[in-house]
$ cat start_10.pdb   # PDB, C-alpha atoms
ATOM      1  CA  MET N  22     100.239 -41.271-115.102
ATOM      2  CA  PRO N  23      97.119 -40.804-112.907
ATOM      3  CA  ASN N  24      95.213 -43.101-115.252
ATOM      4  CA  ILE N  25      97.660 -45.924-114.541
ATOM      5  CA  VAL N  26      97.188 -45.474-110.784
ATOM      6  CA  TRP N  27      93.404 -45.620-111.168
ATOM      7  CA  LEU N  28      93.725 -48.682-113.392
ATOM      8  CA  LEU N  29      95.971 -50.471-110.878
ATOM      9  CA  GLY N  30      93.595 -49.522-108.060
ATOM     10  CA  ALA N  31      90.634 -50.894-110.004
ATOM     11  CA  VAL N  32      92.503 -54.141-110.758
ATOM     12  CA  VAL N  33      93.408 -54.623-107.095
ATOM     13  CA  LEU N  34      89.827 -53.872-106.016
ATOM     14  CA  VAL N  35      88.388 -56.375-108.509
ATOM     15  CA  TRP N  36      90.977 -58.937-107.442
ATOM     16  CA  VAL N  37      90.138 -58.569-103.726
ATOM     17  CA  ILE N  38      86.379 -58.734-104.328
ATOM     18  CA  GLY N  39      86.779 -61.718-106.659
ATOM     19  CA  ASP N  40      88.970 -63.541-104.154
ATOM     20  CA  GLY N  41      86.362 -62.972-101.454
ATOM     21  CA  ILE N  42      83.585 -64.335-103.656
ATOM     22  CA  VAL N  43      85.651 -67.403-104.561
ATOM     23  CA  ARG N  44      86.384 -68.089-100.889
ATOM     24  CA  ILE N  45      82.695 -67.817-100.004
ATOM     25  CA  ILE N  46      81.744 -70.234-102.790
ATOM     26  CA  ASN N  47      84.454 -72.719-101.763
ATOM     27  CA  ALA N  48      83.358 -72.535 -98.139
ATOM     28  CA  SER N  49      79.763 -73.275 -99.078
ATOM     29  CA  ARG N  50      80.863 -76.297-101.117
ATOM     30  CA  GLY N  51      83.016 -77.640 -98.292
ATOM     31  CA  LYS N  52      82.465 -80.788 -96.294
ATOM     32  CA  PRO N  53      79.136 -81.008 -94.554
ATOM     33  CA  ILE N  54      79.253 -80.306 -90.856
ATOM     34  CA  LYS N  55      78.162 -83.837 -89.963
ATOM     35  CA  ARG N  56      81.137 -85.361 -91.768
ATOM     36  CA  ARG N  57      83.536 -82.910 -90.150
ATOM     37  CA  LEU N  58      82.089 -83.678 -86.709
ATOM     38  CA  ASP N  59      82.495 -87.409 -87.327
ATOM     39  CA  GLU N  60      86.129 -86.860 -88.304
ATOM     40  CA  LEU N  61      86.727 -84.767 -85.190
ATOM     41  CA  GLU N  62      85.126 -87.428 -82.990
ATOM     42  CA  SER N  63      87.330 -90.140 -84.488
ATOM     43  CA  ASP N  64      90.399 -87.927 -83.975
ATOM     44  CA  LEU N  65      89.346 -87.355 -80.368
ATOM     45  CA  ALA N  66      88.934 -91.096 -79.795
ATOM     46  CA  ALA N  67      92.385 -91.740 -81.247
ATOM     47  CA  MET N  68      93.890 -89.062 -79.020
ATOM     48  CA  ASP N  69      92.141 -90.562 -75.998
ATOM     49  CA  VAL N  70      93.712 -93.958 -76.728
ATOM     50  CA  GLU N  71      97.099 -92.311 -77.218
ATOM     51  CA  LEU N  72      96.714 -90.432 -73.928
ATOM     52  CA  GLU N  73      95.967 -93.645 -72.039
ATOM     53  CA  GLU N  74      98.997 -95.344 -73.596
ATOM     54  CA  THR N  75     101.176 -92.388 -72.654
ATOM     55  CA  ARG N  76      99.857 -92.442 -69.069
ATOM     56  CA  HIS N  77     100.697 -96.134 -68.855
ATOM     57  CA  ARG N  78     104.224 -95.471 -70.145
ATOM     58  CA  VAL N  79     104.709 -92.694 -67.592
ATOM     59  CA  GLU N  80     103.538 -94.985 -64.778
ATOM     60  CA  VAL N  81     106.018 -97.669 -65.876
ATOM     61  CA  ILE N  82     108.842 -95.124 -66.018
ATOM     62  CA  GLU N  83     107.890 -93.780 -62.556
ATOM     63  CA  ARG N  84     108.000 -97.307 -61.142
ATOM     64  CA  LEU N  85     111.418 -97.881 -62.696
ATOM     65  CA  VAL N  86     112.750 -94.596 -61.315
ATOM     66  CA  ASP N  87     111.293 -95.287 -57.863
ATOM     67  CA  LYS N  88     112.756 -98.797 -57.919
ATOM     68  CA  ARG N  89     116.160 -97.459 -58.919
ATOM     69  CA  ASN N  90     116.083 -94.677 -56.311
ATOM     70  CA  GLY N  91     114.935 -97.140 -53.681
ATOM     71  CA  SER N  92     117.897 -99.430 -54.335
ATOM     72  CA  ASN N  93     120.293 -96.446 -54.092
ATOM     73  CA  ARG N  94     118.771 -95.308 -50.797
ATOM     74  CA  ALA N  95     118.843 -98.764 -49.250
ATOM     75  CA  GLY N  96     122.624 -98.778 -49.271
ATOM     76  CA  LYS N  97     122.894 -95.302 -47.711
ATOM     77  CA  GLY N  98     120.568 -95.529 -44.742
ATOM     78  CA  SER N  99     116.893 -95.696 -43.908
ATOM     79  CA  GLY N 100     115.832 -94.451 -47.327
ATOM     80  CA  THR N 101     114.124 -91.327 -46.033
ATOM     81  CA  GLY N 102     116.982 -88.946 -46.673
ATOM     82  CA  ASP N 103     116.622 -87.443 -43.169
ATOM     83  CA  ASP N 104     119.717 -89.119 -41.654
ATOM     84  CA  ASP N 105     122.009 -86.109 -42.007
ATOM     85  CA  GLU N 106     119.439 -83.560 -40.874
ATOM     86  CA  GLY N 107     119.229 -85.012 -37.359
ATOM     87  CA  GLN N 108     122.992 -84.737 -36.890
ATOM     88  CA  ARG N 109     123.154 -81.123 -38.044
ATOM     89  CA  ALA N 110     120.569 -79.814 -35.590
TER      90      ALA N 110
END

$ encode --input "start_10.pdb" --output "C-alpha cells"
Amino acid sequence: MPNIVWLLGAVVLVWVIGDGIVRIINASRGKPIKRRLDELESDLAAMDVELEETRHRVEVIERLVDKRNGSNRAGKGSGTGDDDEGQRA
C-alpha cells in the first residue's frame, strides 16, 4: 500500500513539473510583444471611437430629456420649481 502512495505522489510531481515546463515553452513561443502592443493600440483606438459615440448619444438623450422636462414645466409655472416654496414659508 505505501508503494502505491509513493507512486501516485511521484506521478503527480512529474505531472506538475511537466505542466510548468510546457507552460514556459508555450509562453516563450507566444506572440511577440510588438504585435501584442499593436493589437492593444488598435483596441484602444476602437474603444476611443466607441466612447465618443456613446458621449454623443448621451448628449442627445440629455437634450431630449431637458426638452421634455422644459415643456412640462412651462405649463406649470415659471419652470424653476420654486413656486410652491415661496408660499410655504

$ axis_aligned_box --input "start_10.pdb" --around "range 68-72 of chain N" --padding-each-side "5 Å" --output "lines of an AutoDock Vina configuration file"
center_x = 94.6
center_y = -91.5
center_z = -76.5
size_x = 15.0
size_y = 14.9
size_z = 15.1

$ atom_distance --input "start_10.pdb" --atom1 "CA of Gly91 in chain N" --atom2 "CA of Val79 in chain N"
17.8 Å

$ atom_distance --input "start_10.pdb" --atom1 "CA of Asn47 in chain N" --atom2 "CA of Val33 in chain N"
20.9 Å

$ atom_distance --input "start_10.pdb" --atom1 "CA of Val26 in chain N" --atom2 "CA of Ile38 in chain N"
18.3 Å

$ decode --input "start_10.pdb" --residues "range 48-61 of chain N" --atoms "all heavy atoms" --output "CSV table (one decimal), in the first residue's frame"
chain,number,residue,atom,x,y,z
N,48,ALA,N,4.8,29.9,-23.5
N,48,ALA,CA,4.9,31.4,-23.3
N,48,ALA,C,6.0,32.0,-24.1
N,48,ALA,O,5.9,33.1,-24.6
N,48,ALA,CB,5.0,31.7,-21.8
N,49,SER,N,7.1,31.3,-24.2
N,49,SER,CA,8.2,31.8,-25.0
N,49,SER,C,7.9,31.8,-26.4
N,49,SER,O,8.5,32.5,-27.2
N,49,SER,CB,9.5,31.0,-24.7
N,49,SER,OG,9.4,29.7,-25.1
N,50,ARG,N,7.1,30.9,-26.9
N,50,ARG,CA,6.7,30.8,-28.3
N,50,ARG,C,5.5,31.8,-28.6
N,50,ARG,O,5.1,31.8,-29.8
N,50,ARG,CB,6.3,29.4,-28.7
N,50,ARG,CG,7.4,28.5,-28.7
N,50,ARG,CD,6.9,27.1,-29.2
N,50,ARG,NE,7.9,26.1,-29.1
N,50,ARG,CZ,7.7,24.8,-29.3
N,50,ARG,NH1,6.5,24.4,-29.6
N,50,ARG,NH2,8.7,24.0,-29.2
N,51,GLY,N,5.0,32.5,-27.7
N,51,GLY,CA,3.8,33.3,-27.9
N,51,GLY,C,4.1,34.5,-28.8
N,51,GLY,O,5.2,34.6,-29.4
N,52,LYS,N,3.1,35.3,-29.0
N,52,LYS,CA,3.2,36.4,-29.9
N,52,LYS,C,4.3,37.4,-29.4
N,52,LYS,O,4.4,37.6,-28.2
N,52,LYS,CB,1.9,37.2,-29.9
N,52,LYS,CG,0.7,36.4,-30.5
N,52,LYS,CD,-0.5,37.3,-30.4
N,52,LYS,CE,-1.7,36.6,-30.9
N,52,LYS,NZ,-2.9,37.4,-30.8
N,53,PRO,N,5.0,37.9,-30.3
N,53,PRO,CA,6.0,38.9,-29.9
N,53,PRO,C,5.3,40.1,-29.3
N,53,PRO,O,4.2,40.4,-29.6
N,53,PRO,CB,6.7,39.3,-31.2
N,53,PRO,CG,6.3,38.2,-32.2
N,53,PRO,CD,5.1,37.6,-31.8
N,54,ILE,N,6.0,40.8,-28.4
N,54,ILE,CA,5.5,41.9,-27.7
N,54,ILE,C,5.0,43.0,-28.6
N,54,ILE,O,4.0,43.6,-28.4
N,54,ILE,CB,6.5,42.4,-26.7
N,54,ILE,CG1,6.7,41.3,-25.6
N,54,ILE,CG2,6.1,43.7,-26.0
N,54,ILE,CD1,7.8,41.7,-24.6
N,55,LYS,N,5.8,43.2,-29.7
N,55,LYS,CA,5.4,44.3,-30.6
N,55,LYS,C,4.0,44.1,-31.2
N,55,LYS,O,3.2,45.0,-31.3
N,55,LYS,CB,6.5,44.4,-31.7
N,55,LYS,CG,6.2,45.4,-32.8
N,55,LYS,CD,6.3,46.8,-32.3
N,55,LYS,CE,6.2,47.7,-33.5
N,55,LYS,NZ,5.7,49.0,-33.1
N,56,ARG,N,3.8,42.9,-31.6
N,56,ARG,CA,2.5,42.5,-32.2
N,56,ARG,C,1.4,42.7,-31.2
N,56,ARG,O,0.3,43.2,-31.5
N,56,ARG,CB,2.5,41.1,-32.8
N,56,ARG,CG,1.3,40.8,-33.6
N,56,ARG,CD,1.2,39.4,-34.2
N,56,ARG,NE,2.5,38.9,-34.5
N,56,ARG,CZ,2.7,37.6,-34.6
N,56,ARG,NH1,1.7,36.7,-34.5
N,56,ARG,NH2,3.9,37.1,-34.9
N,57,ARG,N,1.6,42.3,-30.0
N,57,ARG,CA,0.6,42.4,-28.9
N,57,ARG,C,0.3,43.9,-28.6
N,57,ARG,O,-0.8,44.3,-28.4
N,57,ARG,CB,1.0,41.7,-27.7
N,57,ARG,CG,1.0,40.2,-27.8
N,57,ARG,CD,1.3,39.5,-26.6
N,57,ARG,NE,0.3,39.7,-25.6
N,57,ARG,CZ,0.4,39.4,-24.3
N,57,ARG,NH1,1.6,38.9,-23.8
N,57,ARG,NH2,-0.6,39.6,-23.5
N,58,LEU,N,1.4,44.7,-28.6
N,58,LEU,CA,1.2,46.1,-28.4
N,58,LEU,C,0.4,46.8,-29.5
N,58,LEU,O,-0.5,47.6,-29.2
N,58,LEU,CB,2.6,46.8,-28.2
N,58,LEU,CG,3.3,46.6,-26.9
N,58,LEU,CD1,4.6,47.3,-26.9
N,58,LEU,CD2,2.4,47.1,-25.7
N,59,ASP,N,0.7,46.4,-30.7
N,59,ASP,CA,-0.1,46.9,-31.9
N,59,ASP,C,-1.6,46.5,-31.7
N,59,ASP,O,-2.4,47.4,-32.0
N,59,ASP,CB,0.5,46.4,-33.2
N,59,ASP,CG,1.8,47.0,-33.5
N,59,ASP,OD1,2.2,48.0,-32.9
N,59,ASP,OD2,2.6,46.4,-34.3
N,60,GLU,N,-1.8,45.3,-31.3
N,60,GLU,CA,-3.2,44.9,-31.2
N,60,GLU,C,-3.9,45.7,-30.0
N,60,GLU,O,-5.0,46.1,-30.2
N,60,GLU,CB,-3.3,43.4,-30.8
N,60,GLU,CG,-3.0,42.5,-32.0
N,60,GLU,CD,-2.9,41.0,-31.6
N,60,GLU,OE1,-3.2,40.7,-30.5
N,60,GLU,OE2,-2.6,40.2,-32.5
N,61,LEU,N,-3.2,45.9,-29.0
N,61,LEU,CA,-3.7,46.7,-27.9
N,61,LEU,C,-4.0,48.1,-28.3
N,61,LEU,O,-5.0,48.7,-27.9
N,61,LEU,CB,-2.8,46.6,-26.6
N,61,LEU,CG,-2.7,45.3,-25.9
N,61,LEU,CD1,-1.7,45.4,-24.8
N,61,LEU,CD2,-4.1,45.0,-25.3
